[in-house]
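Below is one structure, written out as structure tokens, with a few remarks after it.
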Amino acid sequence: MVGILLAQEEARKSFIRMTLTVAETGVNSNSGAEVVYLHDGQRRRACFVLDGAISLLAPGAENGFDPDRSRMNAPAMREMSFNQEFFRRLARECALAERFAAPPEGDGSEYNAEEAERIRYQKLGVRNNSRYLHIGVDNQVTWPKEERLITFDRYQLVLMPKTKEHVQSVHIDLAANRVDKRTAMTVVNRFLSVMAWCDDNFAIAGFGWSGNPVPVPVTKRDLAFTTAVHYIFDRKIPGSEEARRALALFREARNAQQNGFVSYAVLNYYKIIEIRNHGKEAALKWFLTNFEALQAASKKDDDITRFLALCGSEPPHKYIHDSCRIAVAHAGKLSIGVRLGL
């Protein structure tokens with residue numbers, strides 16, 4: 001049909017409209033086309049369906065076929081129409097191209113790039129339904145020079161190297177490995193634990209996110225910092241031993257938190273509370289009182305909601321003591337660090 005419209009001017013004069021769709025037009029049949037044209041002064045319609053629509057291609061099926069009812073197979077559909085002017089212009093461009101032959105506008109390199117990208121994703125194990133978790137890594141363990149798909153236990157991981165703009169990173173396909181984000185994070189941390197042991201060096205999981213259909217390099221962090229035009233500094237070392245100890249613990253906790261050592265950071269924050277609240281019962285009472293006040297003031301805080309989900313049926317102040325303070329300090333099974341796969 002399109003070839004006839006481009007080749008014959010008389011056909012274009014009787015042509016009115018061509019409408020295409022990829023929506024469901026029949027049972028187990030998608031896509032269709034309709035051509036509206038004039039024949040002996042009468043407006044007529046010709047419909048086209050896929051070869052797989054066997055029932056619509058049977059002899060005599062056209063007699064009972066209603067193109068408007070076929071649109072009802074899809075709950076919603078999008079159509080594209082081409083009118084007489086479109087094919088007039090297209091035929092003119094084709095004629096000019098035949099008369100004045102010219103070399104291609106490009107060398108086809110854009111197709112080479114697309115093919116290279118397809119092969120690259122194929123090597124990395126990318127699938128049509130892939131959804132990746134990306135985790136930046138600060139480490140001094142052996143790492144591949146180029147991006148690579150590796151097998152770790154029963155999981156497939158993609159490792160990306162450090163570049164001028166990106167940090168070394170680990171990527172795991174949540175769909176292909178059949179894991180959620182929490183489990184995937186545990187897998188990544190366990191992989192880094194093995195690497196740290198093998199190379200006797202550090203490997204720290206850092207910033208990350210999830211949702212992309214392909215592995216995405218993790219950009220180096222350009223952390224903001226505070227400056228002042230008039231910088232006035234007049235601080236002294238605290239005279240109190242308690243204050244000096246609290247500041248030292250706070251520094252250790254913030255440094256650990258910044259580098260992904262969540263369990264160690266929690267332990268140091270807890271020790272700050274213990275400076276003034278000696279013993280288990282005193283610390284439990286402090287957390288019970290202050291957590292209730294914090295919860296009342298932060299009803300819509302997502303961090304509070306996630307923390308309560310971790311606690312489960314256990315009271316928050318008891319969970320903080322048993323699963324954060326004691327379990328972390330003694331490497332217990334219920335440690336929050338163990339739960340997060342650190």
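Here's how to read the names in the structure tokens: chain A, B, ... by the order shown, residue numbers from 1 in each chain, ligand numbers from 1 in the order shown.
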Got a sec to tell me which of region 53-178 of chain A DSSP assigns to helix (DSSP H, G or I), as a PyMOL selection string?
chain A and resi 54-57+61-64+67-73+84-99+109-123+174-177
One number please: CA of Val262 (chain A) to CA of Lys164 (chain A), in Å, one decimal.
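Separating CA of Val262 (chain A) from CA of Lys164 (chain A) is a distance of 27.8 Å.
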Long-range neighbours of Val167 (chain A) as a PDB file with C-alpha atoms, in the first residue's frame, 10 Å cut-off, only C-alpha atoms, 4 positions minimum in chain:
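Result written to result-v3.pdb:
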```
ATOM      1  CA  ILE A 135      26.987   0.992  45.736  1.00  0.00           C
ATOM      2  CA  GLY A 136      30.133   3.110  45.699  1.00  0.00           C
ATOM      3  CA  VAL A 137      33.139   1.515  47.407  1.00  0.00           C
ATOM      4  CA  ASP A 138      36.132   3.077  49.157  1.00  0.00           C
ATOM      5  CA  ASN A 139      38.803   0.384  49.267  1.00  0.00           C
ATOM      6  CA  MET A 160      33.196  -0.924  37.891  1.00  0.00           C
ATOM      7  CA  PRO A 161      36.663   0.639  38.218  1.00  0.00           C
ATOM      8  CA  LYS A 162      37.670   3.998  39.612  1.00  0.00           C
ATOM      9  CA  THR A 163      37.944   6.853  37.091  1.00  0.00           C
ATOM     10  CA  GLY A 206      29.499   3.926  50.659  1.00  0.00           C
ATOM     11  CA  PRO A 217      28.883   4.414  37.588  1.00  0.00           C
ATOM     12  CA  VAL A 218      28.826   6.067  40.998  1.00  0.00           C
ATOM     13  CA  THR A 219      29.986   9.668  40.835  1.00  0.00           C
ATOM     14  CA  LYS A 220      32.611  10.859  43.292  1.00  0.00           C
ATOM     15  CA  ARG A 221      31.075  12.805  46.142  1.00  0.00           C
TER      16      ARG A 221
END
```
Counting only C-alpha atoms, which of A:Ser29, A:Asn212, A:Asn290, A:Gln140 gets nearest to Asp200 (chain A)?
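Checking each of A:Ser29, A:Asn212, A:Asn290, A:Gln140 against Asp200 (chain A), counting only C-alpha atoms, the winner is A:Gln140.
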Looking at only C-alpha atoms, which of A:Ala253, A:Val22, A:Ile275, A:Val229 is the one that sits closest to Glu241 (chain A)?
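Result for the nearest residue to Glu241 (chain A): A:Ile275.
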Pick out each residue of region 44-201 of chain A that DSSP on the backbone tags as strand (DSSP E); I need them as a PyMOL selection string.
chain A and resi 44-49+79-83+132-139+148-152+155-160+168-173
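Close contacts of region 38-41 of chain A, defined as residues with an atom at most 8 Å away when counting only C-alpha atoms, with chain neighbours fewer than 4 positions off set aside, comprise A:Ser14, A:Phe15, A:Ile16.
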So that I can see what lies close to region 302-317 of chain A, please list as JSON, numbers by chain the residues with an atom at most 9 Å from it, counting only C-alpha atoms and leaving out residues fewer than 5 positions away in the same chain.
{"A": [283, 284, 285, 286, 287, 288, 289, 291, 294, 295, 322, 336]}
Select, from A:Cys94, A:Thr142, A:Cys324, A:Asn277, the residue with the minimum atom-to-atom distance to Tyr264 (chain A), counting only C-alpha atoms.
A:Cys324
